[in-house]
Number of protein chains: 2
Amino acid sequence: MSKTICREINLAETAKFLKKHEDYIILTHASPDGDTLGSAYALYYGLKEMGKVAQVLCSDLIPSKYSYFATKTDHITNNDAVVIAVDVADEKLLGALEDNFKGKVKLCIDHHISNTRYAENLLLDSNASAVCEIMYELLKKLKVNINDVTAKALYTGIATDTGCFKYSNVTAKTHLIASELFEYNIDAAEINRLMFDTKSKNLLQLERMVLDTAEYHFDDKCILLTVTDKMQEVTGCSGTDLEGISIISRSVEGVLAGITIKQTGDNTFKLSLRTFPPLDASAICKTLGGGGHKAAAGATLEGTLSEVKEKILAAVKDNMEKTNVWSSADK
Amino acid sequence: MSKTICREINLAETAKFLKKHEDYIILTHASPDGDTLGSAYALYYGLKEMGKVAQVLCSDLIPSKYSYFATKTDHITNNDAVVIAVDVADEKLLGALEDNFKGKVKLCIDHHISNTRYAENLLLDSNASAVCEIMYELLKKLKVNINDVTAKALYTGIATDTGCFKYSNVTAKTHLIASELFEYNIDAAEINRLMFDTKSKNLLQLERMVLDTAEYHFDDKCILLTVTDKMQEVTGCSGTDLEGISIISRSVEGVLAGITIKQTGDNTFKLSLRTFPPLDASAICKTLGGGGHKAAAGATLEGTLSEVKEKILAAVKDNMEKTNVWSSADK
C-alpha cells in the first residue's frame, strides 16, 4: 500500500470533515491517559449531539478512575466508519489496534510536535497543553451542546496533561478554557482528587520500594529511580499506575534530569525522562531511539539493567555538557 | 481602649482609601505563606507605582523560596503610617507583631469567612480562593501598572492557596485571573516547581522512612504513619518540612482517616489527622484534647508511642462506629 500524504487542516476544515460523515470510530492511544480518553469521549459526545454514530476504541482496559465520563460507547455496524485518532502521535501507540487500523486513520487530532503524520488529515496544535484544549475549540466551532459530562472529560484531559496547571505547557488559553469549563457542573476538586491525590495501598508500597532504589548522579543534578519486574509483581502495580513515579523523579531540589527506568521484559526497559531547562528530554531520548517533549520524553531500551542505566546516564551527561550545566571537571 | 466598629467596604471604597493616604505599613500573618506574602507584596508594588511610601512587615523570617518577589521593602519614617493587614483573619495571627499593631489596623483585606472583624475597615470576599484574587481586582480598579514581579506575587498566592488549582475553592474567576496573569512574564511553571515540586534529597529520604512505618487499621479505612525523633535527626527535616507527610496519609484509596504521629519530645507526640466524610477530624481530636477543622485537625498527646497510638486509634474507631463506616462486626 502506498503511503498516504498527510494534509494538515485547520479547525474549520476539521469541523466540516466531521459534519460530512455519519459513522465514526475514535481511537485512543494504548495505556490510555486522561487526555486521550478525555478528548476521545468529548468528541464522542459531540458527535452524538450531532446525530452521528460513534464509538471509542482503546487497545487496553480503561482504568476505572475515568468512569465518570468514559462509559460504554455504541457499537459500530457500518464497515465504512471513518477512523479518527486523538492524542496518538504515532500509529505504533495504538497498541493492539495498530493491526486493524494501520493506514486507515482519516483524521488525527493531536498536540505532539513529534506526530509522525500517518493520518490522511491532521489537526495539530503543538501549543495546546492537551488535545482537550483543541477539542473544546472544535466543539465550540461545531456549535454542539457541551453537557456536564463532556465538560468533565475536557477538564480531565487538560488537568492531567498539565499536572493540574503546574507545567510549562500551560498558557493563558489553558486557564481561559478551564475558566469556561467551570461554568458547567464539573466538580473539578473531586476530579483532581481522583486524578492526583488517590493512590492504592499497593502503589504506596511500590513508591517505598522505588525510593529505596534512588541513585544520584552528576553532583545530584540527576536522580535515577528503578521499577523492576519484581516490584511490579509483588505490588500488582503496572502501566498507568506507574505514572506518579516519574513525577517523584522531577521533584527533588536541584535535580535537572529525573530518570525513571521501568522493566517491561527480561531485557527490556522503558525510560521516562523528566528534565528542566536547559536540558532537553526530547533531544536526549532521541539519541536513545525514543522521543517526546522538551520536558518529558521516553524511550525503550534493550540490555541488562546496568547496561541500560549506563546508556541513559551517558546520554544525559552529554546533554548536560552541551548545555553547560555540568562538565566532567565538576567531578 | 474602646473596641472599634468594623466597617465592611467594597473594592471602590478600598481603592479610594488607598489613594487618600501616603504612607502604609502592610502586615502579613505569622508563619507566612504564598497568599499573605503574595498579596502583601502585590499591594506594596501597587502603592509604589502610585508614588506612595510603603513597607511590608512579617513577624517571621520570609522563606527564601519566595525571594523572586518578596524583597526588602522601604523603611517607614512616618509614625502615622496607615496600617493594613492582608490575609490575617485574626489579630492573634500577627504573631510577634500583635503587640505593636493590636487595635491599629485601619484596613484588612481578607478572604476568611472567620475574620474576627478587628480592623476599622474590612474588604472581605469569602468566595475568593486567595486574597491575591481580591488584590488583582483592587490593582485593576486602581488602574496601577502591574509589572511582571507583581504578577508573579499574585500568581503565587492563588497557586499556593488552591493547591495549584486543585481544591474546591477554585472558581471560574480564579482561572480567569490566572489566564490574565499569564499575559505577564511570570514563568508559572518555575513558580509551581518551587512551591509544589521541590523537596530536598533529605525529605525524600524521610518520606521513604515514614512509608516504612505505614500501618493499616479498620479494614484499611485508616492509615497510620509515624515520624520519630530519630528520623528527624537523621534527615535533618522538621517543622514545615513535614507538612507533606500528612498529605500522604490522605491520599490512599479507601482511607477515611489518615493519621500522622510526629514525635516532638521523649514522650510527646503531635497528631495530624486528615479525614473524609462522614468522619470528623475536629470531633476526634477534640476527644484527644485538640481541635481543628472537619477534614483536618490535630492534638498533642503524652505517653509512649504505643500508648499514644492506642489512644488515637480508639478515638478514630469510636467516630467510625458512630458514623457507621465501620463496626466491630466487620472484624
# chains A, B, ... in the order shown; residues from 1 in each chain; ligands from 1

call {"tool": "select_by_dssp", "arguments": {"residues": "segment 11-62 of chain A", "states": "strand (DSSP E)", "output": "list in words"}}
result
Asp23, Tyr24, Ile25, Ile26, Leu27, Val53, Ala54, Gln55, Val56 and Leu57 of chain A

call {"tool": "write_last_selection", "arguments": {"atoms": "all heavy atoms", "output": "compact mmCIF listing (two decimals), in the first residue's frame"}}
result
# COMPACT_ATOMS: atom_id res chain seq x y z
N ASP A 23 -20.67 7.88 10.38
CA ASP A 23 -20.22 6.88 11.35
C ASP A 23 -18.74 7.07 11.66
O ASP A 23 -17.94 7.16 10.73
CB ASP A 23 -20.38 5.46 10.76
CG ASP A 23 -21.82 5.05 10.67
OD1 ASP A 23 -22.68 5.93 10.85
OD2 ASP A 23 -22.08 3.86 10.41
N TYR A 24 -18.42 7.06 12.93
CA TYR A 24 -17.02 7.30 13.31
C TYR A 24 -16.52 6.27 14.32
O TYR A 24 -17.25 5.82 15.20
CB TYR A 24 -16.86 8.69 13.94
CG TYR A 24 -17.13 9.82 12.97
CD1 TYR A 24 -18.39 10.41 12.89
CD2 TYR A 24 -16.11 10.28 12.14
CE1 TYR A 24 -18.63 11.44 12.00
CE2 TYR A 24 -16.35 11.32 11.24
CZ TYR A 24 -17.61 11.90 11.18
OH TYR A 24 -17.84 12.91 10.29
N ILE A 25 -15.26 5.92 14.14
CA ILE A 25 -14.54 5.16 15.17
C ILE A 25 -13.46 6.10 15.70
O ILE A 25 -12.69 6.67 14.91
CB ILE A 25 -13.89 3.89 14.58
CG1 ILE A 25 -14.97 2.86 14.25
CG2 ILE A 25 -12.87 3.30 15.55
CD1 ILE A 25 -14.44 1.62 13.55
N ILE A 26 -13.43 6.27 17.02
CA ILE A 26 -12.43 7.16 17.62
C ILE A 26 -11.40 6.32 18.37
O ILE A 26 -11.76 5.56 19.28
CB ILE A 26 -13.11 8.15 18.60
CG1 ILE A 26 -14.23 8.91 17.89
CG2 ILE A 26 -12.08 9.11 19.19
CD1 ILE A 26 -15.20 9.60 18.84
N LEU A 27 -10.16 6.42 17.96
CA LEU A 27 -9.09 5.62 18.58
C LEU A 27 -8.29 6.44 19.59
O LEU A 27 -7.93 7.59 19.32
CB LEU A 27 -8.12 5.11 17.51
CG LEU A 27 -8.71 4.36 16.32
CD1 LEU A 27 -7.59 3.96 15.36
CD2 LEU A 27 -9.50 3.14 16.77
N VAL A 53 -23.25 8.45 14.49
CA VAL A 53 -22.94 7.21 15.18
C VAL A 53 -21.44 7.23 15.47
O VAL A 53 -20.66 7.63 14.60
CB VAL A 53 -23.30 5.99 14.30
CG1 VAL A 53 -22.96 4.69 15.04
CG2 VAL A 53 -24.78 6.02 13.94
N ALA A 54 -21.08 6.85 16.67
CA ALA A 54 -19.65 6.89 17.00
C ALA A 54 -19.33 5.86 18.06
O ALA A 54 -20.22 5.36 18.77
CB ALA A 54 -19.25 8.28 17.48
N GLN A 55 -18.05 5.54 18.16
CA GLN A 55 -17.58 4.51 19.07
C GLN A 55 -16.14 4.86 19.46
O GLN A 55 -15.36 5.29 18.61
CB GLN A 55 -17.61 3.17 18.33
CG GLN A 55 -17.08 2.01 19.11
CD GLN A 55 -17.13 0.72 18.28
OE1 GLN A 55 -17.15 0.77 17.04
NE2 GLN A 55 -17.14 -0.41 18.94
N VAL A 56 -15.81 4.66 20.72
CA VAL A 56 -14.43 4.89 21.16
C VAL A 56 -13.76 3.53 21.30
O VAL A 56 -14.32 2.61 21.91
CB VAL A 56 -14.38 5.63 22.51
CG1 VAL A 56 -12.95 5.74 23.02
CG2 VAL A 56 -15.02 7.01 22.39
N LEU A 57 -12.58 3.40 20.73
CA LEU A 57 -11.83 2.14 20.87
C LEU A 57 -10.46 2.39 21.48
O LEU A 57 -9.77 3.35 21.11
CB LEU A 57 -11.65 1.47 19.51
CG LEU A 57 -12.87 0.85 18.85
CD1 LEU A 57 -12.47 0.21 17.51
CD2 LEU A 57 -13.51 -0.19 19.75

call {"tool": "calpha_fit_rmsd", "arguments": {"fixed": "chain B", "moving": "chain A"}}
result
2.9 Å

call {"tool": "closest_atom_pairs", "arguments": {"of": "chain A", "to": "chain B", "cutoff": "7 Å", "atoms": "only C-alpha atoms", "output": "Markdown table"}}
result
| residue | atom | partner | partner_atom | distance |
| --- | --- | --- | --- | --- |
| A:Cys164 | CA | B:Lys166 | CA | 6.6 |
| A:Phe165 | CA | B:Cys164 | CA | 6.7 |
| A:Lys166 | CA | B:Asn192 | CA | 5.7 |
| A:Tyr167 | CA | B:Ala189 | CA | 4.9 |
| A:Ser168 | CA | B:Ala189 | CA | 4.8 |
| A:Thr171 | CA | B:Phe182 | CA | 6.6 |
| A:Ala172 | CA | B:Ser179 | CA | 4.2 |
| A:Lys173 | CA | B:Ser179 | CA | 6.6 |
| A:His175 | CA | B:Ser179 | CA | 4.9 |
| A:Leu176 | CA | B:Ser179 | CA | 5.5 |
| A:Ala178 | CA | B:His175 | CA | 6.3 |
| A:Ser179 | CA | B:Ala172 | CA | 4.3 |
| A:Glu180 | CA | B:Ala172 | CA | 6.6 |
| A:Phe182 | CA | B:Ala172 | CA | 5.1 |
| A:Glu183 | CA | B:Ala172 | CA | 6.7 |
| A:Ala189 | CA | B:Ser168 | CA | 4.9 |
| A:Asn192 | CA | B:Lys166 | CA | 5.8 |
| A:Asp197 | CA | B:Ser251 | CA | 4.9 |
| A:Thr198 | CA | B:Ser251 | CA | 4.7 |
| A:Lys199 | CA | B:Val252 | CA | 4.9 |
| A:Ser200 | CA | B:Glu253 | CA | 5.0 |
| A:Lys201 | CA | B:Val252 | CA | 6.1 |
| A:Arg208 | CA | B:Arg208 | CA | 5.5 |
| A:Leu211 | CA | B:Arg208 | CA | 6.1 |
| A:Ser251 | CA | B:Asp197 | CA | 4.4 |
| A:Val252 | CA | B:Lys199 | CA | 4.9 |
| A:Glu253 | CA | B:Thr198 | CA | 4.9 |

call {"tool": "residues_around", "arguments": {"residues": "Lys311 of chain B", "least_positions_apart": "5", "cutoff": "9 Å", "atoms": "only C-alpha atoms", "output": "PyMOL selection string"}}
result
chain B and resi 288+301+306+316

call {"tool": "write_last_selection", "arguments": {"atoms": "all heavy atoms", "output": "short mmCIF file (atom, residue, chain, number, x, y, z; two decimals), in the first residue's frame"}}
result
data_model
loop_
_atom_site.label_atom_id
_atom_site.label_comp_id
_atom_site.auth_asym_id
_atom_site.auth_seq_id
_atom_site.Cartn_x
_atom_site.Cartn_y
_atom_site.Cartn_z
N LEU B 288 -9.34 14.12 72.12
CA LEU B 288 -7.94 13.92 72.49
C LEU B 288 -7.31 15.21 73.00
O LEU B 288 -6.09 15.33 73.12
CB LEU B 288 -7.16 13.38 71.28
CG LEU B 288 -7.62 12.02 70.73
CD1 LEU B 288 -7.03 11.77 69.35
CD2 LEU B 288 -7.25 10.89 71.69
N LEU B 301 -0.29 14.71 72.32
CA LEU B 301 -0.54 13.63 73.27
C LEU B 301 0.74 13.24 74.01
O LEU B 301 1.84 13.29 73.44
CB LEU B 301 -1.09 12.40 72.55
CG LEU B 301 -2.51 12.54 71.99
CD1 LEU B 301 -2.47 12.78 70.49
CD2 LEU B 301 -3.34 11.31 72.30
N SER B 306 3.40 3.63 71.72
CA SER B 306 2.32 2.65 71.60
C SER B 306 1.09 3.08 72.38
O SER B 306 -0.04 2.85 71.96
CB SER B 306 2.80 1.25 71.99
OG SER B 306 3.21 1.24 73.32
N VAL B 316 -10.49 7.22 66.84
CA VAL B 316 -10.90 7.11 65.43
C VAL B 316 -11.97 6.03 65.30
O VAL B 316 -12.99 6.21 64.63
CB VAL B 316 -9.68 6.80 64.54
CG1 VAL B 316 -10.13 6.39 63.13
CG2 VAL B 316 -8.74 8.00 64.46
#

call {"tool": "residues_around", "arguments": {"residues": "segment 283-286 of chain A", "least_positions_apart": "2", "cutoff": "12 Å", "atoms": "only C-alpha atoms", "output": "PyMOL selection string"}}
result
chain A and resi 114+257+259+270-275+278-281+288-301+311-323

call {"tool": "select_by_dssp", "arguments": {"residues": "segment 216-318 of chain B", "states": "alpha helix (DSSP H)", "output": "compact mmCIF listing (two decimals) with all heavy atoms, in the first residue's frame"}}
result
# COMPACT_ATOMS: atom_id res chain seq x y z
N ASP B 229 11.54 10.92 66.39
CA ASP B 229 12.64 11.84 66.67
C ASP B 229 13.86 11.48 65.84
O ASP B 229 14.51 12.34 65.26
CB ASP B 229 13.04 11.68 68.15
CG ASP B 229 12.67 12.90 68.96
OD1 ASP B 229 12.09 13.83 68.36
OD2 ASP B 229 12.94 12.91 70.16
N LYS B 230 14.13 10.18 65.82
CA LYS B 230 15.35 9.71 65.18
C LYS B 230 15.33 10.00 63.68
O LYS B 230 16.33 10.42 63.10
CB LYS B 230 15.49 8.20 65.42
CG LYS B 230 16.90 7.75 65.14
CD LYS B 230 17.21 6.37 65.63
CE LYS B 230 18.59 5.98 65.06
NZ LYS B 230 18.72 4.55 64.93
N MET B 231 14.16 9.80 63.03
CA MET B 231 14.06 10.08 61.59
C MET B 231 14.33 11.56 61.31
O MET B 231 14.97 11.91 60.33
CB MET B 231 12.65 9.76 61.09
CG MET B 231 12.28 8.29 61.10
SD MET B 231 10.57 8.10 60.58
CE MET B 231 10.26 6.42 61.10
N GLN B 232 13.81 12.41 62.20
CA GLN B 232 14.01 13.85 62.02
C GLN B 232 15.48 14.19 62.20
O GLN B 232 16.03 15.06 61.51
CB GLN B 232 13.13 14.63 63.00
CG GLN B 232 11.64 14.37 62.77
CD GLN B 232 10.75 15.08 63.79
OE1 GLN B 232 10.75 16.30 63.88
NE2 GLN B 232 10.01 14.32 64.58
N GLU B 233 16.12 13.49 63.14
CA GLU B 233 17.53 13.74 63.43
C GLU B 233 18.40 13.30 62.24
O GLU B 233 19.25 14.07 61.77
CB GLU B 233 17.90 12.93 64.67
CG GLU B 233 19.10 13.43 65.43
CD GLU B 233 19.40 12.46 66.58
OE1 GLU B 233 18.54 12.34 67.48
OE2 GLU B 233 20.45 11.81 66.53
N VAL B 234 18.15 12.09 61.76
CA VAL B 234 18.96 11.53 60.67
C VAL B 234 18.84 12.36 59.40
O VAL B 234 19.82 12.61 58.70
CB VAL B 234 18.52 10.07 60.37
CG1 VAL B 234 19.14 9.57 59.07
CG2 VAL B 234 18.90 9.16 61.53
N THR B 235 17.61 12.83 59.09
CA THR B 235 17.40 13.53 57.82
C THR B 235 17.52 15.04 57.97
O THR B 235 17.59 15.75 56.97
CB THR B 235 16.00 13.22 57.26
OG1 THR B 235 15.02 13.67 58.21
CG2 THR B 235 15.82 11.72 57.03
N GLU B 243 5.12 19.03 56.51
CA GLU B 243 3.73 19.27 56.09
C GLU B 243 3.25 18.25 55.06
O GLU B 243 2.12 17.78 55.10
CB GLU B 243 3.58 20.68 55.49
CG GLU B 243 3.33 21.74 56.55
CD GLU B 243 3.52 23.15 56.00
OE1 GLU B 243 3.42 23.34 54.78
OE2 GLU B 243 3.79 24.05 56.82
N GLY B 244 4.15 17.89 54.13
CA GLY B 244 3.78 16.98 53.05
C GLY B 244 3.43 15.58 53.54
O GLY B 244 2.69 14.86 52.87
N ILE B 245 3.95 15.20 54.69
CA ILE B 245 3.75 13.83 55.19
C ILE B 245 2.26 13.55 55.44
O ILE B 245 1.74 12.51 55.05
CB ILE B 245 4.55 13.59 56.49
CG1 ILE B 245 6.04 13.83 56.26
CG2 ILE B 245 4.29 12.18 57.04
CD1 ILE B 245 6.75 12.79 55.43
N SER B 246 1.58 14.53 56.06
CA SER B 246 0.17 14.28 56.36
C SER B 246 -0.67 14.26 55.07
O SER B 246 -1.75 13.68 55.04
CB SER B 246 -0.37 15.29 57.36
OG SER B 246 -0.01 16.59 57.02
N ILE B 247 -0.13 14.89 54.00
CA ILE B 247 -0.83 14.81 52.71
C ILE B 247 -0.80 13.37 52.20
O ILE B 247 -1.79 12.87 51.67
CB ILE B 247 -0.20 15.78 51.68
CG1 ILE B 247 -0.45 17.22 52.14
CG2 ILE B 247 -0.79 15.56 50.28
CD1 ILE B 247 0.23 18.28 51.31
N ILE B 248 0.32 12.66 52.42
CA ILE B 248 0.39 11.25 52.03
C ILE B 248 -0.74 10.47 52.68
O ILE B 248 -1.41 9.66 52.06
CB ILE B 248 1.74 10.61 52.46
CG1 ILE B 248 2.91 11.34 51.80
CG2 ILE B 248 1.78 9.12 52.11
CD1 ILE B 248 4.28 10.84 52.27
N SER B 249 -0.97 10.76 53.98
CA SER B 249 -1.94 9.97 54.74
C SER B 249 -3.37 10.13 54.23
O SER B 249 -4.23 9.30 54.52
CB SER B 249 -1.87 10.35 56.22
OG SER B 249 -2.57 11.56 56.46
N ALA B 281 -12.65 14.94 61.71
CA ALA B 281 -11.33 15.08 62.36
C ALA B 281 -11.42 15.99 63.58
O ALA B 281 -10.79 15.72 64.62
CB ALA B 281 -10.33 15.64 61.36
N SER B 282 -12.20 17.05 63.46
CA SER B 282 -12.33 18.01 64.55
C SER B 282 -12.92 17.33 65.79
O SER B 282 -12.42 17.50 66.91
CB SER B 282 -13.21 19.18 64.08
OG SER B 282 -13.72 19.88 65.16
N ALA B 283 -13.99 16.53 65.61
CA ALA B 283 -14.62 15.83 66.73
C ALA B 283 -13.66 14.82 67.37
O ALA B 283 -13.56 14.71 68.59
CB ALA B 283 -15.90 15.13 66.27
N ILE B 284 -12.94 14.09 66.52
CA ILE B 284 -11.99 13.09 67.03
C ILE B 284 -10.89 13.76 67.85
O ILE B 284 -10.57 13.34 68.96
CB ILE B 284 -11.37 12.27 65.86
CG1 ILE B 284 -12.45 11.46 65.14
CG2 ILE B 284 -10.25 11.36 66.36
CD1 ILE B 284 -12.01 10.84 63.82
N CYS B 285 -10.33 14.82 67.31
CA CYS B 285 -9.22 15.49 68.00
C CYS B 285 -9.68 16.19 69.28
O CYS B 285 -8.90 16.34 70.23
CB CYS B 285 -8.52 16.47 67.06
SG CYS B 285 -7.54 15.59 65.83
N LYS B 286 -10.92 16.61 69.29
CA LYS B 286 -11.47 17.23 70.49
C LYS B 286 -11.43 16.24 71.66
O LYS B 286 -11.06 16.60 72.77
CB LYS B 286 -12.91 17.68 70.22
CG LYS B 286 -13.24 19.06 70.78
CD LYS B 286 -14.56 19.56 70.25
CE LYS B 286 -15.17 20.58 71.21
NZ LYS B 286 -16.49 21.00 70.72
N THR B 287 -11.77 14.98 71.39
CA THR B 287 -11.75 13.97 72.46
C THR B 287 -10.32 13.69 72.92
O THR B 287 -10.11 13.09 73.97
CB THR B 287 -12.40 12.63 72.02
OG1 THR B 287 -11.53 11.99 71.07
CG2 THR B 287 -13.77 12.84 71.40
N LEU B 305 4.99 5.82 72.49
CA LEU B 305 4.41 5.78 71.14
C LEU B 305 3.25 4.80 71.09
O LEU B 305 2.19 5.11 70.52
CB LEU B 305 5.49 5.40 70.12
CG LEU B 305 5.03 5.27 68.67
CD1 LEU B 305 4.37 6.56 68.18
CD2 LEU B 305 6.20 4.91 67.74
N SER B 306 3.40 3.63 71.72
CA SER B 306 2.32 2.65 71.60
C SER B 306 1.09 3.08 72.38
O SER B 306 -0.04 2.85 71.96
CB SER B 306 2.80 1.25 71.99
OG SER B 306 3.21 1.24 73.32
N GLU B 307 1.28 3.76 73.51
CA GLU B 307 0.13 4.30 74.25
C GLU B 307 -0.62 5.34 73.42
O GLU B 307 -1.85 5.35 73.35
CB GLU B 307 0.59 4.94 75.57
CG GLU B 307 0.94 3.94 76.67
CD GLU B 307 1.73 4.58 77.82
OE1 GLU B 307 1.99 5.81 77.77
OE2 GLU B 307 2.09 3.84 78.74
N VAL B 308 0.17 6.21 72.81
CA VAL B 308 -0.42 7.29 72.02
C VAL B 308 -1.18 6.72 70.82
O VAL B 308 -2.31 7.12 70.52
CB VAL B 308 0.71 8.27 71.58
CG1 VAL B 308 0.25 9.16 70.44
CG2 VAL B 308 1.16 9.10 72.77
N LYS B 309 -0.57 5.76 70.14
CA LYS B 309 -1.24 5.10 69.01
C LYS B 309 -2.58 4.52 69.45
O LYS B 309 -3.60 4.68 68.77
CB LYS B 309 -0.38 3.95 68.48
CG LYS B 309 0.70 4.36 67.50
CD LYS B 309 1.34 3.09 66.93
CE LYS B 309 2.55 3.44 66.08
NZ LYS B 309 3.25 2.22 65.61
N GLU B 310 -2.54 3.83 70.60
CA GLU B 310 -3.74 3.17 71.10
C GLU B 310 -4.86 4.18 71.35
O GLU B 310 -6.01 3.97 70.95
CB GLU B 310 -3.38 2.44 72.39
CG GLU B 310 -4.26 1.24 72.69
CD GLU B 310 -3.75 0.49 73.93
OE1 GLU B 310 -2.55 0.12 73.94
OE2 GLU B 310 -4.53 0.31 74.88
N LYS B 311 -4.50 5.29 71.99
CA LYS B 311 -5.49 6.34 72.29
C LYS B 311 -6.10 6.89 71.00
O LYS B 311 -7.32 7.06 70.88
CB LYS B 311 -4.80 7.50 73.02
CG LYS B 311 -4.82 7.39 74.54
CD LYS B 311 -4.29 8.67 75.18
CE LYS B 311 -3.11 8.39 76.07
NZ LYS B 311 -2.44 9.58 76.62
N ILE B 312 -5.23 7.17 70.03
CA ILE B 312 -5.71 7.77 68.78
C ILE B 312 -6.60 6.79 68.03
O ILE B 312 -7.69 7.15 67.57
CB ILE B 312 -4.51 8.20 67.89
CG1 ILE B 312 -3.72 9.32 68.57
CG2 ILE B 312 -5.00 8.66 66.52
CD1 ILE B 312 -2.38 9.63 67.91
N LEU B 313 -6.14 5.55 67.92
CA LEU B 313 -6.93 4.55 67.18
C LEU B 313 -8.29 4.33 67.84
O LEU B 313 -9.30 4.16 67.16
CB LEU B 313 -6.15 3.23 67.08
CG LEU B 313 -4.96 3.27 66.10
CD1 LEU B 313 -4.12 2.01 66.24
CD2 LEU B 313 -5.44 3.43 64.66
N ALA B 314 -8.32 4.36 69.19
CA ALA B 314 -9.60 4.20 69.89
C ALA B 314 -10.55 5.34 69.55
O ALA B 314 -11.75 5.13 69.31
CB ALA B 314 -9.36 4.11 71.39
N ALA B 315 -10.01 6.56 69.49
CA ALA B 315 -10.85 7.72 69.19
C ALA B 315 -11.36 7.67 67.75
O ALA B 315 -12.51 8.00 67.46
CB ALA B 315 -10.06 9.01 69.43
N VAL B 316 -10.49 7.22 66.84
CA VAL B 316 -10.90 7.11 65.43
C VAL B 316 -11.97 6.03 65.30
O VAL B 316 -12.99 6.21 64.63
CB VAL B 316 -9.68 6.80 64.54
CG1 VAL B 316 -10.13 6.39 63.13
CG2 VAL B 316 -8.74 8.00 64.46
N LYS B 317 -11.73 4.88 65.97
CA LYS B 317 -12.67 3.77 65.92
C LYS B 317 -14.04 4.21 66.42
O LYS B 317 -15.08 3.89 65.81
CB LYS B 317 -12.13 2.62 66.77
CG LYS B 317 -12.94 1.35 66.71
CD LYS B 317 -12.33 0.28 67.60
CE LYS B 317 -13.26 -0.91 67.73
NZ LYS B 317 -12.84 -1.81 68.82
N ASP B 318 -14.01 4.97 67.51
CA ASP B 318 -15.26 5.46 68.09
C ASP B 318 -16.04 6.29 67.07
O ASP B 318 -17.24 6.10 66.87
CB ASP B 318 -14.91 6.29 69.34
CG ASP B 318 -16.16 6.72 70.08
OD1 ASP B 318 -16.95 5.82 70.44
OD2 ASP B 318 -16.35 7.94 70.27

call {"tool": "residues_around", "arguments": {"residues": "Glu120 of chain A", "least_positions_apart": "3", "cutoff": "10 Å", "atoms": "only C-alpha atoms", "output": "CSV table (one decimal) with N, CA and C atoms, in the first residue's frame"}}
result
chain,number,residue,atom,x,y,z
A,3,LYS,N,2.1,5.0,0.7
A,3,LYS,CA,1.9,5.9,1.9
A,3,LYS,C,1.1,7.1,1.5
A,4,THR,N,0.0,7.3,2.3
A,4,THR,CA,-0.8,8.5,2.1
A,4,THR,C,-0.1,9.8,2.4
A,5,ILE,N,-0.4,10.8,1.7
A,5,ILE,CA,0.2,12.1,2.1
A,5,ILE,C,-0.7,12.8,3.1
A,6,CYS,N,0.0,13.2,4.2
A,6,CYS,CA,-0.8,13.8,5.3
A,6,CYS,C,-1.0,15.3,5.0
A,7,ARG,N,-2.3,15.6,5.1
A,7,ARG,CA,-2.7,17.0,4.9
A,7,ARG,C,-3.0,17.7,6.2
A,8,GLU,N,-2.3,18.8,6.5
A,8,GLU,CA,-2.6,19.5,7.8
A,8,GLU,C,-3.9,20.4,7.5
A,9,ILE,N,-4.8,20.2,8.4
A,9,ILE,CA,-6.1,21.0,8.2
A,9,ILE,C,-6.3,21.9,9.5
A,84,ILE,N,-10.9,8.0,13.3
A,84,ILE,CA,-10.2,9.2,13.9
A,84,ILE,C,-9.3,8.8,15.0
A,103,GLY,N,-2.8,2.7,8.6
A,103,GLY,CA,-3.0,3.2,7.3
A,103,GLY,C,-4.5,3.6,7.0
A,104,LYS,N,-5.3,3.5,8.0
A,104,LYS,CA,-6.7,3.7,7.9
A,104,LYS,C,-7.3,5.0,8.6
A,105,VAL,N,-6.3,5.7,9.3
A,105,VAL,CA,-6.8,6.8,10.1
A,105,VAL,C,-7.0,8.0,9.1
A,106,LYS,N,-8.3,8.5,9.1
A,106,LYS,CA,-8.6,9.5,8.2
A,106,LYS,C,-8.3,10.9,8.8
A,107,LEU,N,-8.4,11.0,10.1
A,107,LEU,CA,-8.2,12.2,10.8
A,107,LEU,C,-7.5,12.0,12.1
A,108,CYS,N,-6.5,12.8,12.3
A,108,CYS,CA,-5.8,12.7,13.6
A,108,CYS,C,-5.8,14.1,14.2
A,117,ARG,N,2.7,12.1,11.3
A,117,ARG,CA,1.9,12.4,10.1
A,117,ARG,C,1.4,11.1,9.3

call {"tool": "closest_residue", "arguments": {"among": "B:Asn324, B:Asn145, B:Thr264, B:Ser129", "to": "Thr160 of chain B", "atoms": "only C-alpha atoms"}}
result
B:Ser129

call {"tool": "atom_distance", "arguments": {"atom1": "atom CA of Phe17 of chain B", "atom2": "atom CA of Ala89 of chain B"}}
result
20.2 Å
